[in-house]
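First up is the structure itself, then whatever we jot down about it.
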Amino acid sequence: MTQGNPPSGKKKKRKLRFFKRQTKPGAMPGSVVVDPQAPPSVITVIAYGPDRVVEERIKDVAAVRQYLDRWPVTWINVDGLGDAEVIHKLGEMFHLHQLALEDVVNVHQRAKVEGYGDHLFIVARMVSWSDRLETEQVSFFLGRNYVLTFQESVAGDSFEPVRERLRTDRGRIRQVGADYLAYSLIDSVIDAYFPVLERCGEALDQLEDEVIEGGNRGVVGRVHEIKHDLLTLRRAIWPHREALHELSRDPHPCIADGTRIFLRDCYDHTVQLIDLAETYRELGSDLRDLYMSSVSNRMNEVMKLLTVISSIFIPLNFIAGIYGMNFDPSASPLNMPELRWFYGYPFALSLMATVATTLLVLFYRSGWLRRDR
Amino acid sequence: MTQGNPPSGKKKKRKLRFFKRQTKPGAMPGSVVVDPQAPPSVITVIAYGPDRVVEERIKDVAAVRQYLDRWPVTWINVDGLGDAEVIHKLGEMFHLHQLALEDVVNVHQRAKVEGYGDHLFIVARMVSWSDRLETEQVSFFLGRNYVLTFQESVAGDSFEPVRERLRTDRGRIRQVGADYLAYSLIDSVIDAYFPVLERCGEALDQLEDEVIEGGNRGVVGRVHEIKHDLLTLRRAIWPHREALHELSRDPHPCIADGTRIFLRDCYDHTVQLIDLAETYRELGSDLRDLYMSSVSNRMNEVMKLLTVISSIFIPLNFIAGIYGMNFDPSASPLNMPELRWFYGYPFALSLMATVATTLLVLFYRSGWLRRDR
Amino acid sequence: MTQGNPPSGKKKKRKLRFFKRQTKPGAMPGSVVVDPQAPPSVITVIAYGPDRVVEERIKDVAAVRQYLDRWPVTWINVDGLGDAEVIHKLGEMFHLHQLALEDVVNVHQRAKVEGYGDHLFIVARMVSWSDRLETEQVSFFLGRNYVLTFQESVAGDSFEPVRERLRTDRGRIRQVGADYLAYSLIDSVIDAYFPVLERCGEALDQLEDEVIEGGNRGVVGRVHEIKHDLLTLRRAIWPHREALHELSRDPHPCIADGTRIFLRDCYDHTVQLIDLAETYRELGSDLRDLYMSSVSNRMNEVMKLLTVISSIFIPLNFIAGIYGMNFDPSASPLNMPELRWFYGYPFALSLMATVATTLLVLFYRSGWLRRDR
Amino acid sequence: MTQGNPPSGKKKKRKLRFFKRQTKPGAMPGSVVVDPQAPPSVITVIAYGPDRVVEERIKDVAAVRQYLDRWPVTWINVDGLGDAEVIHKLGEMFHLHQLALEDVVNVHQRAKVEGYGDHLFIVARMVSWSDRLETEQVSFFLGRNYVLTFQESVAGDSFEPVRERLRTDRGRIRQVGADYLAYSLIDSVIDAYFPVLERCGEALDQLEDEVIEGGNRGVVGRVHEIKHDLLTLRRAIWPHREALHELSRDPHPCIADGTRIFLRDCYDHTVQLIDLAETYRELGSDLRDLYMSSVSNRMNEVMKLLTVISSIFIPLNFIAGIYGMNFDPSASPLNMPELRWFYGYPFALSLMATVATTLLVLFYRSGWLRRDR
Amino acid sequence: MTQGNPPSGKKKKRKLRFFKRQTKPGAMPGSVVVDPQAPPSVITVIAYGPDRVVEERIKDVAAVRQYLDRWPVTWINVDGLGDAEVIHKLGEMFHLHQLALEDVVNVHQRAKVEGYGDHLFIVARMVSWSDRLETEQVSFFLGRNYVLTFQESVAGDSFEPVRERLRTDRGRIRQVGADYLAYSLIDSVIDAYFPVLERCGEALDQLEDEVIEGGNRGVVGRVHEIKHDLLTLRRAIWPHREALHELSRDPHPCIADGTRIFLRDCYDHTVQLIDLAETYRELGSDLRDLYMSSVSNRMNEVMKLLTVISSIFIPLNFIAGIYGMNFDPSASPLNMPELRWFYGYPFALSLMATVATTLLVLFYRSGWLRRDR
C-alpha cells in the first residue's frame, strides 16, 4: 500500500526512497516477479447495465468471463498484488502485454498511458494521508466492455464514491460505457490530491503565523517536512498531466469522443494541482527565508544585549579595579591619594555613574537600545 | 467574494489556501453544488442596440428570454452564486454543459477558454485591493447575441466603466456585437491588475528606501508579504495569457475578426503583467538579500565594538588585578616592590594608558575603527 | 522623458515603478488620453531623395501632406506627447488604428511589432544614461514612403547619427526607401544599449576589485543598484528580440527583402545584449556571494581575536583575583601562605606568564593565529 | 574502467574531471589513438540461434567472420581498449566509420545514437558502485546479424544476466534477432542505475535522520559528496534519454518494430531515473538548508548562554569590585562606610543575590531561558 | 588577441567587460572601422591539391588571385585586423557583404553562421590560456574553392595541427575540398576548449581537497574566479552549438554531404562542452556552499570555546572577587568570617574547583566539548 512500508515495531518515519524495484537489474524484460511481502490478491467484480448492477467478490479468475459475456460493462478490481497466478491468468484472459504486467507489479511506475491494439494500459498514483503521506500505484486496463484495475493494497481506496454512484445509479454513469467508468475512476484518483495539498497549505499557513508571532526552532524542520511531501506530490502528479493530455487528445477505439471532454476537465485539474504544488513549494522556501532572517535578527539582538552590558560594566569594573590596587600611600603622596580624600568614595561612585550614563546616552543616541532597529 | 473570507470577529489575516473546493473528491462530475455560505444570486440585465439601452434587475430567470428575442445584445450578469436554481435554469435556457456549470460554482478555477458549439465558456479572475489582496472568479458565457456573466460576490466589480460606456454610448460599444462586449469586460478585468501591481511596486520602492536608510527589522516580513501577494497575482494572471492567446487566434463563430485585434491587445497586456510580476518578485528577492547583508554588516559592527572594548579593557583590568594582589611586602623585598615605589601609582596608570593607546593605535591602523570598512 | 520623473525639489532616486498608465482601468479601448505633464509636441520633418534633403520644423500637421506628395521618403518625428490634437490629426492622415495611438501615449509598452494593412506599427524603448538609467518609449509607423516616429521627450535622442548621415549622404541611406530609414532608426536605438551595459560591466569590474582588496560595506548596496539597472535593461531589451525576429522574418509589403538582412543583423545585436545582461546579472550575484563570504570571514576573524584575547586574559585575571582575596594569614597558616613567601610575587607573575605562553602555544599550534586559516 | 583511475599507492579520492581526452586538440578527426594505460583487449564471442548457443574467447579477430556466416546472431564483446590493431581490424571487417571508432577509444562520450547505413552506432555509459561511483563507456555497433560491444575495462560488467539468459534460453531472447540482444544489453546498462540511485537515496535518508537527531558537522561534506555523485549520475543518464527516444522512434533497418515497444519501455526508465536524480538533488539541497539552519540555531543557543552568564555575573563582579576598593575609611566617614556596617557583608551578598534573581526573572520572562524559543 | 588587453605597466587583472565595440552607436551599418590599437595585418596563403602544397606569406592582396586560379583549394589567413585596406580589398575580391566585414573587425561577435549566396560567413571564438583565460574572434569565409580566415592577433593560434596535416598530407585532408578544411579549422577551435575546461575542473578538484582538509580563506575568491572563467567559457561556447547545428543541417552549396557528418561530430563536442561548463559551474556553487558551511561551523567552534572559557572562569572570578572585598571584620562578626576561618583559603579554592568541575561536567554531558558535534 505504501512505499517503504516499515515493519511493525520499528519507529515510523518518512522515507526518501521513492520506490524499491522488485525486478533485479538485467532481469528478463516482461518478467512478473511479485513482492513476497505483498498482500494476497482479492478480486471484486462490479458488472452493470443501464437497469441493473451486480457486485461480487470472486475467488476463481475464470468466473470473470461470464460477467464479460452477459453485462454491458464489467469492472474487475484486484486489491493486493501478492498472487502471481491471478495476475498471469488475468493477463492471458485479456491478452495483456508482458511489459504491462511487469509494470503492474513493479509499483514504482510514473503515471503513463500506453495503447495496445484493443485495450489501453494506464498507470496512475493514488495518494492518501493517514498520519503521513502515502502513495499507491493503481494500474488500469481499459477494453471495449471492461475496466480492469490493480491496486497495491487491500485497504481503502478513492473509488468508493464511484461504487456508490454505480449502486445508486446517480448521474449518467450506468447509461454510458466502460470508458466513462475509467474516466470516473481516474478522476477520483486525481481529486484525492486536492485535500492532501490543502493540508500542506494549511500547515504552511500555520507555520507562517508561528514565525510571524515569534517563531520556534522546530519551524525549519517542519517546513522541510512539508517541502519533502510537496516534492513527493509534485513528482507523483506531474506525469499524470502528460498521460491525461495524451488520453484526451489521441484517438483510441476504446474512448468515445463524448468522454474526451471529461478527460480534458480532468487534465485541467492536474494542471491546477501542479500549479498549486509549485506555489506551495515556493511559499515553503519563502517561509524558510523568513524564519532564517528572524533567527539572524534575534542573534543580532542577543549580541547587542551582550555588547551593551559588557561595554557598560567593563569600564566600571576597571575603575573599581584601579581603586582596589594596593599601592602604599605611606610610601609616597602620589600613591593613590584619592583613597584618602574626604570625598574619595563618592568621587569614585559618581565617576562610575558618569561613565555609565554617558555610555547609555551614546548607545541610546545611536539607536542601539531601540528594539525595532 | 474573497478566498477564505474569515468569519467576522476573527483577526483578519492572509491565507495560504488558494481555494476550497465545494465538490467532494470523487463526486459525480458535472454536479453543481453551491457553497451554502455564498451570497444569494442577484440577476441584472442590460440589453442594448445602437440606439437604445435598458438596464433592469430581474427576479425570474424566465424573464431573460424576452430580452434575448427583442434586443440585438443582452448582457445577463449574476452576482452571487448562492442560488442553485437560478444557475440550473440559466444552464437549461442557454444549453450550457454540466462541466461548465460545475466550474462556475467551484470558484477556484484557473482562467481558461472552452468552446462548446454555439457558445464560448471563459473563466477569468478579477483582482481587487481593499485592505488586502482579494481575487474573485468571473465566468463568461458568450453566445451569438448574449453575454452571461457569473460573479462570486454581490459587492462591486471592475465592470462599472463598461456599464457607463453602454449607458452613455461612448465609443463604438453599442454599434458592435456581443463579442465586443465580452472583450470589453475581459479587458476591464485585466486592466484592474495594473493598479494592484503598481501598489506592490510602490511598497517595494518604499521598503528599498527604508533598507538603504538603515532598515528596521519588520522589512523581511513585509517583503515576504509582498512576495506572497505577487505569487498570488502571478498565479492568477498566468493562465489568462494562454486563454487570451487562444481567444485571439482560434476562430470561433461567436467572435468577429474585428474583435480579434482588440483581444490581441488584451493579450499584450497580460504578457506585460506577467513580466511585471516576475520582475517585482526578483526585486523582492534582491531586496531581501540587500537587507540580510545589511543585518550581517550590522552584526559585524556590533561584534567589532564588543571586541574593541573588551580587547582594550581586559589587559587594563589585568594590570589593576595585579596590583590588587595582597602579597606581603614585609615578607620579602621581591613582593610587589612597585607598591612602595614613589612613582608606583603614576607608573601603573601610565602603564595602563600606554597599553590602551597602543591597542587603539593598532586597531586604528588595521582599519577596525573605520565605520565603512 | 523618464519613467517616474521626480518633481524638482524632491531628492532624485531610482524608482521601482516601471510605468504609470495614463488610461484608467476599464477605460474605453483605443482612447488617447495624453499625460497632462507631458511636454508639448514638436514636429520635425526630414524629407529626402537620392539627390536632395530638406529638414524643417513645422507647426501645422496639415503641412505634412505636401512632403509626402513631393518627396520619395518623408520622416516625421514628433517629440513630446502632450498635444492630443497633433496625435489625432496624424492618426487620421495616416489612417492609424486607435489601439496603436493609445499605445503611443501609454508610454509603458513592451517593444512589439504590429502589422496594420498598409503600414507597420513598431514600439521600441530607447535607453540613456545621464546620472542614472532612463528609458523612453519610441513608437514607429512605417508606411510605403514615410516613417512617423513619436518620442516621449523633447530632449536629445539616439537618432542624431542617422540625421547626420541623411544630411551628408553617407552610405546608401538616401538611395533606398523608408524601410531602410526605419531600420537605421531602430538600429540606433538598439546600439545605444551597448554603452549603457558597458557602464554596468565597468561598475561591476570596479566593485570586484574593491571586494578583493578588502571591501567596504557599501558594496552590496551598489551591487543591488547595478542588478536593478540590469533588470530594467533586460526587461527593456527582451521584447525587442521577438519584435525584430518577427520583422526580419515575416513578409510585409513595407519591408524590402534587401532590408531584412540588416534587420537580422540588428536582431543578432539584441541577442547579444540579452546575453550580456544575463551574464552581468549572474556576475552581480556571484559578486554579492563573494562579498557576503568575505563579511563572514571577517566576522570570523573578529570573533577569533575576541576569543584569543579573552581566553588568555581571563585565566590571568583569575590568578590575580585569587591573590587579591583578603583571607587573614594570621588566622591560619593555611590562609594564602603564598602571600608571605619570599618568592611569592615572582611566583605569581611567572605562573601567569606560563599560563599565557601555554595558551598562546596551543592557539598557535591549532592554527588560530594564522591569518589565512 | 573508471574515469581517473588513480595509480595504486595514492589515496583514493573522488575526481571532478569527468574525462581525459586521448586525442590531442586539433588532431586529425577520426584518428584512433589508444590510451597507453588501457588494459589489453579481450575478445569474447557468443553466437546463438533458437536451438544452440556457443561462447568462446578468441585471439584472432579474423575468427569472427566464421561465426557471422554460420550463426543467426553473433555477439562480439571486446573488453579493454588497449589494442589498436584489434579495433582497426574489427572496424575494417564491419565497415565502421573512422569517427565512430574514434569515439570508441575516447571514452568520455555522452550517450548517443548514430545511424551509418547498414549499422547503428550506440554509445552508453555503464555505472557501478564499488567503494565509490564509477562509470565506464560501452559502445555498441548493431548490424543485421551481429552486435559488437566495446567496454573500457576487463573487469565485470552489467551484461552477466543477459549472458545467463542466452545460455539457459530463458525468455524469447534466442528466438529473436540481434536488435533484441542490443536492447537487452542497453536495458541491463540502464537498469544498473537503479541500485546506485537507491544507494544515494538511502544515504540522504540516513543523513536526514542524523540532522534531525542533532546533526554532526560532517553532514555538509557528505551531502556535498552525494550531490556530486548525483550530478555525475544525472550527467551520465541525461543523454541516454534522447538516444533511446531516437532509437524507439526513428525507423532503422536494423531494428524491428516489435523491438521498438521494448525500447520505449527502456526510455520510460531513463525518464524515471532523471526524475529521481533531480528529486534527490533537490532533497540534498533542502537537507543542506535544514542543516545550516540547525547550525544557526545552535550558534544562537551558544550566544544566548554566553550572554545570560555574562549578563548575570558581570554586575555581580562589579559589586564585588566596589567593595574591594581600598578607600581609607579613616580619612573620611564617607569612604565606604558599608565596610564597617554590622550587616555590611550580608548586605553586599543579598544585594548580589537580588541583582542575580532580578536578571534571571527578566531573562525567564522574556523567554530567553526556554530552549525552544 | 585578448579582450581588454591591459597596457603594459598596469597590473594584469581579469576584466568583466567582454568586449569593446569599435563602431560607435548609431554609426552607418556596414562601416568597417579598425581598432587603432589592433596589430597590423599579416597575410599567409596555403594552397594545396592532392599532390602538392605551397605556403607563403604575401604582402599584396592582389597576389591572392593567382592562387585561387591555379590551386584546387586556397586558404588565406589574415592575422591582425589593423589594416583596413587589406580587409576592404579582400572584401571586394571575394564579394563579401559589408555587414560581414563589419562583424570581422568588431571582435565581440557571438559565434554564428550566415549564408551569402556563393559563400558562407562563420564567426567562431578561439580560446587560450596563458596565465589567464583569453578569447579571440576568428572569422571564416568559406567559398567553393577557398577559405578566408581573419584572426584578431598575430600570436599563435589553434590552427597549427591543421597546417601540419596539410604539409605532411596525413589523413585525407588534401584529397577533399575547402569545406573539409573549414571543418578542420572549426574543429581545432572547438577542441581547444577541452584543455581549458579541464584546467578549470582540476582547479575545482584541488579547491575541494583544500576545503575538506580545513579550508583557507582564499577559497571563495578562487571559486569566484573559476566560476567567472566558466561563465566566460559558457558564453563563448553556447552560440557555437547553434551555429554548428545550422551548418550540419541546412544545405548550402559550399558544404558537401560527406562533410556534414564531421560537422555533426563537431556539434556533439559543443554539446559536451556546454554540458561540462554547466556541470563545473554547479560544482563551483556546491563548493562555495560547502566552504561557507565550514566557515559557519568554525565560527560555531570559536564561539563555543569562548563561551566555555567565559562560563567557567566568570563564576570563579566572582568568588575571588567576593573574598577580595574589604568588609571590616572588626566591625562585626558577620563581616566575612570566612577570611578568618582556619580552612578559609582551602575552602575558597575547593569551592572554585567544585564550581569549575561541575560546569565542565555539565558542558561535557551536553556534548559541547565534543569536537564533532
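Here, A, B, ... name the chains of the C-alpha cells in the order displayed, residue numbers run from 1 inside each chain, and ligands are numbered from 1 in the same displayed order.
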- [ ] Residues of chain E near chain A: apply a cut-off of 10 Å, count only C-alpha atoms, and supply the list as a list in words.
- [x]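 Listed by rising number, the hits are Gly324, Met325 and Asn326 of chain E.
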Open item on the list: I'd like the neighbourhood of Arg234 in chain D as a PyMOL selection string, where a residue qualifies if any of its atoms comes within 8 Å (using only C-alpha atoms), though same-chain residues fewer than 6 positions away should be ignored.
Closed with: chain D and resi 274+277-278
I need the chosen residues saved as an mmCIF file, in the first residue's frame, with N, CA, C and O atoms.
data_model
loop_
_atom_site.group_PDB
_atom_site.id
_atom_site.type_symbol
_atom_site.label_atom_id
_atom_site.label_comp_id
_atom_site.auth_asym_id
_atom_site.auth_seq_id
_atom_site.Cartn_x
_atom_site.Cartn_y
_atom_site.Cartn_z
ATOM 1 N N ILE D 274 16.070 10.078 -14.463
ATOM 2 C CA ILE D 274 16.382 11.513 -14.458
ATOM 3 C C ILE D 274 15.542 12.210 -13.400
ATOM 4 O O ILE D 274 16.034 13.014 -12.600
ATOM 5 N N ALA D 277 16.931 11.407 -10.036
ATOM 6 C CA ALA D 277 18.190 12.096 -9.752
ATOM 7 C C ALA D 277 17.923 13.558 -9.423
ATOM 8 O O ALA D 277 18.501 14.127 -8.492
ATOM 9 N N GLU D 278 17.006 14.181 -10.178
ATOM 10 C CA GLU D 278 16.654 15.580 -9.908
ATOM 11 C C GLU D 278 16.036 15.714 -8.516
ATOM 12 O O GLU D 278 16.368 16.621 -7.758
#
- [ ] Run DSSP on the backbone and give me the residues of range 91-152 of chain B it puts in alpha helix (DSSP H), as a list of chain:residue names.
- [x]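 The residues of range 91-152 of chain B classed as alpha helix (DSSP H) are B:Gly91, B:Glu92, B:Met93, B:Gln98, B:Leu99, B:Ala100, B:Leu101, B:Glu102, B:Asp103, B:Val104, B:Val105.
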Could the residues in this selection be saved with N, CA, C and O atoms as a CSV table (one decimal), in the first residue's frame?
chain,number,residue,atom,x,y,z
B,91,GLY,N,-28.6,27.6,-17.1
B,91,GLY,CA,-27.9,26.5,-17.8
B,91,GLY,C,-28.9,25.8,-18.8
B,91,GLY,O,-28.5,25.6,-20.0
B,92,GLU,N,-30.1,25.6,-18.4
B,92,GLU,CA,-31.0,25.0,-19.4
B,92,GLU,C,-31.4,25.9,-20.5
B,92,GLU,O,-31.4,25.5,-21.7
B,93,MET,N,-31.7,27.2,-20.1
B,93,MET,CA,-32.1,28.1,-21.2
B,93,MET,C,-31.0,28.3,-22.3
B,93,MET,O,-31.3,28.4,-23.4
B,98,GLN,N,-22.9,20.7,-18.4
B,98,GLN,CA,-22.8,20.5,-16.9
B,98,GLN,C,-21.4,20.8,-16.3
B,98,GLN,O,-21.3,21.4,-15.3
B,99,LEU,N,-20.3,20.4,-17.1
B,99,LEU,CA,-19.0,20.6,-16.6
B,99,LEU,C,-18.7,22.1,-16.4
B,99,LEU,O,-18.0,22.5,-15.5
B,100,ALA,N,-19.2,22.9,-17.4
B,100,ALA,CA,-19.0,24.3,-17.3
B,100,ALA,C,-19.7,24.9,-16.1
B,100,ALA,O,-19.2,25.7,-15.4
B,101,LEU,N,-21.0,24.5,-15.9
B,101,LEU,CA,-21.7,24.9,-14.7
B,101,LEU,C,-21.0,24.5,-13.4
B,101,LEU,O,-21.0,25.3,-12.4
B,102,GLU,N,-20.4,23.3,-13.4
B,102,GLU,CA,-19.7,22.9,-12.2
B,102,GLU,C,-18.5,23.9,-12.0
B,102,GLU,O,-18.2,24.3,-10.8
B,103,ASP,N,-17.8,24.3,-13.1
B,103,ASP,CA,-16.7,25.2,-12.9
B,103,ASP,C,-17.2,26.6,-12.4
B,103,ASP,O,-16.4,27.3,-11.8
B,104,VAL,N,-18.4,27.0,-12.8
B,104,VAL,CA,-18.9,28.3,-12.3
B,104,VAL,C,-19.0,28.3,-10.8
B,104,VAL,O,-18.6,29.3,-10.2
B,105,VAL,N,-19.5,27.3,-10.2
B,105,VAL,CA,-19.7,27.3,-8.7
B,105,VAL,C,-18.4,26.9,-8.0
B,105,VAL,O,-18.3,27.3,-6.8
- [ ] Could you jot down the CA of Pro195 in chain C to CA of His240 in chain E separation for me, Å, one decimal place?
- [x]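 Here the two named atoms are 25.3 Å from each other.
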Tell me, which residues of range 44-286 of chain B carry DSSP strand (DSSP E or B), written as an mmCIF file with N, CA and C atoms, in the first residue's frame?
data_model
loop_
_atom_site.group_PDB
_atom_site.id
_atom_site.type_symbol
_atom_site.label_atom_id
_atom_site.label_comp_id
_atom_site.auth_asym_id
_atom_site.auth_seq_id
_atom_site.Cartn_x
_atom_site.Cartn_y
_atom_site.Cartn_z
ATOM 1 N N THR B 44 -28.949 40.888 -13.035
ATOM 2 C CA THR B 44 -29.137 42.186 -13.671
ATOM 3 C C THR B 44 -29.030 41.981 -15.176
ATOM 4 N N VAL B 45 -29.925 42.635 -15.911
ATOM 5 C CA VAL B 45 -29.889 42.513 -17.361
ATOM 6 C C VAL B 45 -29.637 43.889 -17.966
ATOM 7 N N ILE B 46 -28.681 43.982 -18.872
ATOM 8 C CA ILE B 46 -28.511 45.188 -19.683
ATOM 9 C C ILE B 46 -28.674 44.747 -21.128
ATOM 10 N N ALA B 47 -29.686 45.259 -21.775
ATOM 11 C CA ALA B 47 -29.901 44.927 -23.183
ATOM 12 C C ALA B 47 -29.753 46.215 -23.981
ATOM 13 N N TYR B 48 -29.139 46.124 -25.161
ATOM 14 C CA TYR B 48 -28.912 47.353 -25.921
ATOM 15 C C TYR B 48 -28.819 47.087 -27.403
ATOM 16 N N VAL B 53 -30.769 51.577 -24.811
ATOM 17 C CA VAL B 53 -30.208 50.672 -23.829
ATOM 18 C C VAL B 53 -31.205 50.560 -22.683
ATOM 19 N N VAL B 54 -31.367 49.345 -22.144
ATOM 20 C CA VAL B 54 -32.260 49.190 -20.997
ATOM 21 C C VAL B 54 -31.491 48.399 -19.942
ATOM 22 N N GLU B 55 -31.667 48.756 -18.672
ATOM 23 C CA GLU B 55 -30.912 48.129 -17.589
ATOM 24 C C GLU B 55 -31.905 47.790 -16.490
ATOM 25 N N GLU B 56 -32.021 46.523 -16.154
ATOM 26 C CA GLU B 56 -33.030 46.127 -15.184
ATOM 27 C C GLU B 56 -32.531 45.020 -14.272
ATOM 28 N N ARG B 57 -33.022 45.033 -13.015
ATOM 29 C CA ARG B 57 -32.764 43.923 -12.098
ATOM 30 C C ARG B 57 -33.981 43.016 -12.158
ATOM 31 N N ILE B 58 -33.794 41.727 -12.463
ATOM 32 C CA ILE B 58 -34.950 40.842 -12.582
ATOM 33 C C ILE B 58 -34.924 39.768 -11.510
ATOM 34 N N VAL B 73 -28.244 42.844 -28.420
ATOM 35 C CA VAL B 73 -27.304 42.232 -27.492
ATOM 36 C C VAL B 73 -27.872 42.291 -26.081
ATOM 37 N N THR B 74 -27.784 41.175 -25.363
ATOM 38 C CA THR B 74 -28.239 41.136 -23.971
ATOM 39 C C THR B 74 -27.104 40.670 -23.088
ATOM 40 N N TRP B 75 -26.903 41.424 -22.000
ATOM 41 C CA TRP B 75 -25.877 41.033 -21.033
ATOM 42 C C TRP B 75 -26.578 40.673 -19.737
ATOM 43 N N ILE B 76 -26.521 39.382 -19.373
ATOM 44 C CA ILE B 76 -27.111 38.937 -18.105
ATOM 45 C C ILE B 76 -25.976 38.755 -17.114
ATOM 46 N N ASN B 77 -26.020 39.505 -16.026
ATOM 47 C CA ASN B 77 -24.981 39.422 -15.012
ATOM 48 C C ASN B 77 -25.564 38.855 -13.735
ATOM 49 N N VAL B 78 -24.955 37.760 -13.212
ATOM 50 C CA VAL B 78 -25.417 37.152 -11.968
ATOM 51 C C VAL B 78 -24.374 37.415 -10.895
ATOM 52 N N ASP B 79 -24.747 38.175 -9.867
ATOM 53 C CA ASP B 79 -23.853 38.430 -8.734
ATOM 54 C C ASP B 79 -24.229 37.483 -7.611
ATOM 55 N N LYS B 112 -9.436 30.144 -18.219
ATOM 56 C CA LYS B 112 -9.388 29.241 -19.372
ATOM 57 C C LYS B 112 -10.502 29.576 -20.358
ATOM 58 N N VAL B 113 -10.382 29.029 -21.538
ATOM 59 C CA VAL B 113 -11.396 29.213 -22.574
ATOM 60 C C VAL B 113 -11.796 27.830 -23.063
ATOM 61 N N GLU B 114 -13.088 27.600 -23.171
ATOM 62 C CA GLU B 114 -13.559 26.333 -23.719
ATOM 63 C C GLU B 114 -14.680 26.586 -24.710
ATOM 64 N N GLY B 115 -14.503 26.021 -25.890
ATOM 65 C CA GLY B 115 -15.531 26.196 -26.918
ATOM 66 C C GLY B 115 -16.576 25.099 -26.847
ATOM 67 N N TYR B 116 -17.881 25.477 -26.808
ATOM 68 C CA TYR B 116 -18.959 24.486 -26.819
ATOM 69 C C TYR B 116 -19.908 24.827 -27.957
ATOM 70 N N HIS B 119 -21.565 28.348 -28.216
ATOM 71 C CA HIS B 119 -21.141 29.380 -27.258
ATOM 72 C C HIS B 119 -19.731 29.088 -26.755
ATOM 73 N N LEU B 120 -19.136 30.129 -26.172
ATOM 74 C CA LEU B 120 -17.797 30.024 -25.604
ATOM 75 C C LEU B 120 -17.913 30.140 -24.097
ATOM 76 N N PHE B 121 -17.120 29.349 -23.366
ATOM 77 C CA PHE B 121 -17.092 29.460 -21.908
ATOM 78 C C PHE B 121 -15.716 30.005 -21.524
ATOM 79 N N ILE B 122 -15.708 31.111 -20.815
ATOM 80 C CA ILE B 122 -14.447 31.765 -20.443
ATOM 81 C C ILE B 122 -14.432 31.958 -18.928
ATOM 82 N N VAL B 123 -13.332 31.566 -18.287
ATOM 83 C CA VAL B 123 -13.174 31.826 -16.858
ATOM 84 C C VAL B 123 -12.061 32.842 -16.691
ATOM 85 N N ALA B 124 -12.312 33.870 -15.883
ATOM 86 C CA ALA B 124 -11.272 34.852 -15.589
ATOM 87 C C ALA B 124 -11.250 35.073 -14.083
ATOM 88 N N ARG B 125 -10.209 35.746 -13.621
ATOM 89 C CA ARG B 125 -10.090 36.011 -12.190
ATOM 90 C C ARG B 125 -9.934 37.514 -11.993
ATOM 91 N N MET B 126 -10.879 38.092 -11.277
ATOM 92 C CA MET B 126 -10.898 39.528 -11.029
ATOM 93 C C MET B 126 -10.083 39.810 -9.771
ATOM 94 N N VAL B 127 -9.330 40.864 -9.767
ATOM 95 C CA VAL B 127 -8.493 41.161 -8.612
ATOM 96 C C VAL B 127 -8.924 42.489 -8.013
ATOM 97 N N SER B 128 -8.836 42.622 -6.688
ATOM 98 C CA SER B 128 -9.132 43.911 -6.069
ATOM 99 C C SER B 128 -8.291 44.036 -4.811
ATOM 100 N N TRP B 129 -8.139 45.245 -4.354
ATOM 101 C CA TRP B 129 -7.341 45.500 -3.168
ATOM 102 C C TRP B 129 -8.138 46.381 -2.239
ATOM 103 N N SER B 130 -8.685 45.753 -1.212
ATOM 104 C CA SER B 130 -9.307 46.579 -0.187
ATOM 105 C C SER B 130 -8.725 46.080 1.109
ATOM 106 N N ARG B 132 -6.456 44.293 1.746
ATOM 107 C CA ARG B 132 -5.535 43.229 1.361
ATOM 108 C C ARG B 132 -5.953 42.710 -0.011
ATOM 109 N N LEU B 133 -5.093 41.879 -0.597
ATOM 110 C CA LEU B 133 -5.347 41.377 -1.936
ATOM 111 C C LEU B 133 -6.501 40.382 -1.921
ATOM 112 N N GLU B 134 -7.447 40.576 -2.811
ATOM 113 C CA GLU B 134 -8.561 39.637 -2.920
ATOM 114 C C GLU B 134 -8.802 39.306 -4.387
ATOM 115 N N THR B 135 -9.146 38.043 -4.631
ATOM 116 C CA THR B 135 -9.459 37.676 -6.008
ATOM 117 C C THR B 135 -10.828 37.021 -6.037
ATOM 118 N N GLU B 136 -11.450 37.111 -7.194
ATOM 119 C CA GLU B 136 -12.821 36.630 -7.339
ATOM 120 C C GLU B 136 -12.947 36.037 -8.740
ATOM 121 N N GLN B 137 -13.596 34.887 -8.831
ATOM 122 C CA GLN B 137 -13.753 34.270 -10.145
ATOM 123 C C GLN B 137 -14.928 34.894 -10.901
ATOM 124 N N VAL B 138 -14.725 35.179 -12.183
ATOM 125 C CA VAL B 138 -15.803 35.624 -13.061
ATOM 126 C C VAL B 138 -15.891 34.630 -14.211
ATOM 127 N N SER B 139 -17.089 34.114 -14.453
ATOM 128 C CA SER B 139 -17.288 33.175 -15.552
ATOM 129 C C SER B 139 -18.106 33.859 -16.633
ATOM 130 N N PHE B 140 -17.656 33.702 -17.879
ATOM 131 C CA PHE B 140 -18.371 34.308 -19.009
ATOM 132 C C PHE B 140 -18.911 33.206 -19.915
ATOM 133 N N PHE B 141 -20.162 33.377 -20.372
ATOM 134 C CA PHE B 141 -20.648 32.574 -21.486
ATOM 135 C C PHE B 141 -20.961 33.562 -22.608
ATOM 136 N N LEU B 142 -20.309 33.357 -23.736
ATOM 137 C CA LEU B 142 -20.505 34.272 -24.856
ATOM 138 C C LEU B 142 -21.227 33.539 -25.977
ATOM 139 N N TYR B 146 -25.675 37.210 -26.839
ATOM 140 C CA TYR B 146 -25.725 37.450 -25.388
ATOM 141 C C TYR B 146 -24.360 37.236 -24.746
ATOM 142 N N VAL B 147 -24.182 37.862 -23.603
ATOM 143 C CA VAL B 147 -23.067 37.563 -22.710
ATOM 144 C C VAL B 147 -23.681 37.271 -21.360
ATOM 145 N N LEU B 148 -23.281 36.143 -20.777
ATOM 146 C CA LEU B 148 -23.799 35.748 -19.468
ATOM 147 C C LEU B 148 -22.607 35.700 -18.528
ATOM 148 N N THR B 149 -22.654 36.517 -17.459
ATOM 149 C CA THR B 149 -21.517 36.541 -16.535
ATOM 150 C C THR B 149 -21.960 36.137 -15.142
ATOM 151 N N PHE B 150 -21.107 35.361 -14.466
ATOM 152 C CA PHE B 150 -21.340 34.964 -13.081
ATOM 153 C C PHE B 150 -20.206 35.499 -12.227
ATOM 154 N N GLN B 151 -20.547 36.229 -11.163
ATOM 155 C CA GLN B 151 -19.531 36.715 -10.242
ATOM 156 C C GLN B 151 -19.770 36.111 -8.872
#
- [ ] Give me the residues within 10 Å of range 202-213 of chain C as a ChimeraX atom specification, counting only C-alpha atoms and dropping any in the same chain fewer than 5 places off.
- [x] /C:196-197,218-220,222-223,226-227,280-281,283-284,286-288,290-292,294-295 /E:13-17,218,221
